[in-house]
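Notes follow the structure.
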Amino acid sequence: MTDWNPPADWLRITSLDCHAAGEPLRIITGGWPELPGRTILQRRRYQREHYDPLRRAVIFEPRGHADMYGCILTPPVTPGADRGVIFIHNEGYSTMCGHGIIALTTALVETGELPVTGAATTVRYDTPAGLVKAVANVDGGRVTGVAFDNVESFVLALDQTVDVPGLGPLKVDVAFGGAFYAFCRAEDAGVELTPRNNRQLIRVGMDVKRAVAGAMPIEHPLEEDLGFLYGTIFVGPPQQADAHSRNVCVFAEGEVDRSPTGTGVSARAAIHYARGEIALGEPITIESILGTRFTVQALRTASCGDRPAVVPQVQGQAHLTGRSQWLLDPQDPLRHGFIIR
């Protein structure tokens with residue numbers, strides 16, 4: 001079988017797989033069509049309109065699963081950036097992804113795709129939400145951790161009460177950390193933040209997401225394409241004494257983030273700073289559903305349009321897990337994938 005080559009009319013897509021704090025990232029390394037556009041948002045629109053079946057092929061079963069996550073690399077669009085990136089998942093396309101930046105930086109540096117420029121190697125990305133700078137800590141060719149300065153993150157609403165079917169009135173905060181999230185206390189939503197409650201977390205998380213999206217406008221002050229509610233984040237006490245709290249994010253079409261959610265902890269930094277609960281430069285460590293960790297701090301104040309904001313910095317670690325070639329047989333009726341949850 002190792003000597004077999006697929007027919008010439010089969011599409012071949014290659015990938016490098018990794019994870020950050022348990023959350024997968026499938027990096028497309030070859031076989032993808034070129035995506036035209038002057039901005040990453042334009043390229044994302046082109047991908048969605050012309051090549052969405054390929055997203056489903058590499059994310060859905062039988063090559064992926066309901067909680068798979070990935071990214072498509074493109075040339076940069078701004079001076080000084082190293083790569084452009086479009087993040088993909090079971091529902092479509094993210095505006096930004098923190099675990100993805102950590103995992104992608106680790107992969108680009110450890111594989112030699114980008115040169116190591118020192119013990120602290122900087123990589124800059126054009127994302128749909130804006131320019132993101134990451135710094136990889138490198139020791140002996142291995143990346144021991146990544147910190148990235150995220151896009152301007154801000155609070156959209158605090159202490160809003162929404163009526164959630166099956167729950168009743170629920171108090172939520174809504175904030176942007178590269179994507180918009182509705183935050184609520186796990187205790188208030190009646191959920192426990194452990195893997196065995198995965199099904200309940202998905203159900204309640206989607207109910208909260210739909211209720212909040214239906215109750216208030218979700219608008220980004222600069223980009224219309226960024227104005228949608230991406231997910232629900234349940235916040236609860238940590239299981240480890242030296243952590244600040246625990247995050248579980250249900251996003252897209254019921255995906256459960258295995259990591260603490262990089263854009264989610266960025267939005268939380270904006271919430272905590274707005275409430276006076278953290279100072280600039282004060283880090284907090286947040287657990288995931290697995291107990292893995294990201295550390296976040298508000299580096300400095302900023303603005304996003306007419307909204308006061310902070311620039312968060314998120315730190316975490318990633319590991320490479322595999323390398324694959326995916327084949328799309330033109331005669332396979334399921335070549336573009338399916339999902340059974």
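Convention: chains lettered A, B, ... in structure tokens order; per-chain residue numbering from 1; ligands numbered from 1 as shown.
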
Quiz prompt | Picked from segment 87-301 of chain A by DSSP as strand (DSSP E or B), as a ChimeraX atom specification | solution = /A:87-88,93,120-127,130-139,142-149,153-164,168-176,180-185,229-236,245-251,255-256,284-287,293-301

Quiz prompt | Test item: residues at most 8 Å from Arg55 of chain A, only C-alpha atoms, excluding those fewer than 3 positions along its chain, as a list of chain:residue names | solution =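 Once the nearby chain positions are removed, what remains is A:Tyr51, A:Asp52, A:Val58, A:Ile59, A:Ile88, A:His89, A:Gly92.
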
Exercise. Per DSSP on the backbone, filter segment 65-174 of chain A down to the residues in helix (DSSP H, G or I) and report them as an MDAnalysis selection string.
Key: chainID A and resid 98:110

Write out as a PDB file with N, CA and C atoms, in the first residue's frame each polymer residue whose atoms come within 9 Å of His244 of chain A, counting only C-alpha atoms; drop sequence neighbours fewer than 5 positions from it.
ATOM      1  N   PRO A 237     -15.565  28.270  39.069  1.00  0.00           N
ATOM      2  CA  PRO A 237     -14.355  28.222  39.895  1.00  0.00           C
ATOM      3  C   PRO A 237     -13.352  27.226  39.320  1.00  0.00           C
ATOM      4  N   PRO A 238     -12.066  27.437  39.576  1.00  0.00           N
ATOM      5  CA  PRO A 238     -11.051  26.512  39.077  1.00  0.00           C
ATOM      6  C   PRO A 238     -11.016  25.246  39.922  1.00  0.00           C
ATOM      7  N   ILE A 284      -3.889  36.737  34.851  1.00  0.00           N
ATOM      8  CA  ILE A 284      -4.727  35.726  35.496  1.00  0.00           C
ATOM      9  C   ILE A 284      -4.645  34.442  34.665  1.00  0.00           C
ATOM     10  N   THR A 285      -4.675  33.309  35.326  1.00  0.00           N
ATOM     11  CA  THR A 285      -4.579  32.014  34.661  1.00  0.00           C
ATOM     12  C   THR A 285      -5.945  31.343  34.682  1.00  0.00           C
ATOM     13  N   ILE A 286      -6.381  30.898  33.508  1.00  0.00           N
ATOM     14  CA  ILE A 286      -7.732  30.370  33.357  1.00  0.00           C
ATOM     15  C   ILE A 286      -7.654  28.934  32.841  1.00  0.00           C
ATOM     16  N   GLU A 287      -8.381  28.049  33.506  1.00  0.00           N
ATOM     17  CA  GLU A 287      -8.413  26.627  33.132  1.00  0.00           C
ATOM     18  C   GLU A 287      -9.432  26.370  32.019  1.00  0.00           C
TER      19      GLU A 287
END

Do a neighbour search on segment 170-187 of chain A at 6 Å with only C-alpha atoms, toss out local chain neighbours closer than 3 positions, and write the hits as an mmCIF file with C-alpha atoms, in the first residue's frame.
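The resulting file, selection-v2.cif, is reproduced below:
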data_model
loop_
_atom_site.group_PDB
_atom_site.id
_atom_site.type_symbol
_atom_site.label_atom_id
_atom_site.label_comp_id
_atom_site.auth_asym_id
_atom_site.auth_seq_id
_atom_site.Cartn_x
_atom_site.Cartn_y
_atom_site.Cartn_z
ATOM 1 C CA THR A 95 -12.908 35.971 12.924
ATOM 2 C CA MET A 96 -9.886 35.204 15.121
ATOM 3 C CA ALA A 129 -10.074 40.587 12.920
ATOM 4 C CA SER A 153 -10.883 43.744 22.907
ATOM 5 C CA PHE A 154 -13.877 45.476 24.423
ATOM 6 C CA VAL A 155 -17.116 45.099 26.366
ATOM 7 C CA LEU A 156 -20.359 45.336 24.435
ATOM 8 C CA ALA A 157 -22.735 44.902 27.391
ATOM 9 C CA LEU A 158 -22.529 44.096 31.100
ATOM 10 C CA ASP A 159 -25.148 42.526 33.365
ATOM 11 C CA GLN A 160 -27.790 42.034 30.707
ATOM 12 C CA THR A 161 -30.705 39.755 31.556
ATOM 13 C CA VAL A 162 -32.005 37.515 28.799
ATOM 14 C CA GLY A 190 -27.060 24.984 36.043
ATOM 15 C CA VAL A 191 -24.054 23.343 34.356
ATOM 16 C CA LEU A 229 -22.273 36.180 18.339
ATOM 17 C CA TYR A 230 -19.746 33.351 18.060
ATOM 18 C CA GLY A 231 -20.428 31.445 21.249
ATOM 19 C CA THR A 232 -21.305 31.120 24.918
ATOM 20 C CA ILE A 233 -18.658 30.939 27.641
ATOM 21 C CA PHE A 234 -19.525 29.460 31.018
ATOM 22 C CA VAL A 235 -17.329 30.709 33.855
ATOM 23 C CA GLY A 236 -16.824 28.806 37.074
ATOM 24 C CA THR A 263 -10.242 34.973 22.168
ATOM 25 C CA SER A 266 -9.114 38.096 25.823
ATOM 26 C CA ALA A 267 -12.740 39.198 26.076
#

Quiz item: Between A:Arg26, A:Glu192, A:Asp163, A:Leu73, which has the minimum distance to Met216 of chain A (counting only C-alpha atoms)?
Solution: A:Asp163

Quiz item: Which is closest to Pro221 of chain A among A:Cys304, A:Ile40, A:Ala189, A:Ala241, if we use only C-alpha atoms?
Solution: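 The answer is A:Cys304, which sits nearest to Pro221 of chain A.
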
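Remark: for Thr122 of chain A, the closest of the candidate residues A:Gly80, A:Trp4, A:Tyr93, A:Ala213 is A:Gly80 (distances computed over only C-alpha atoms).
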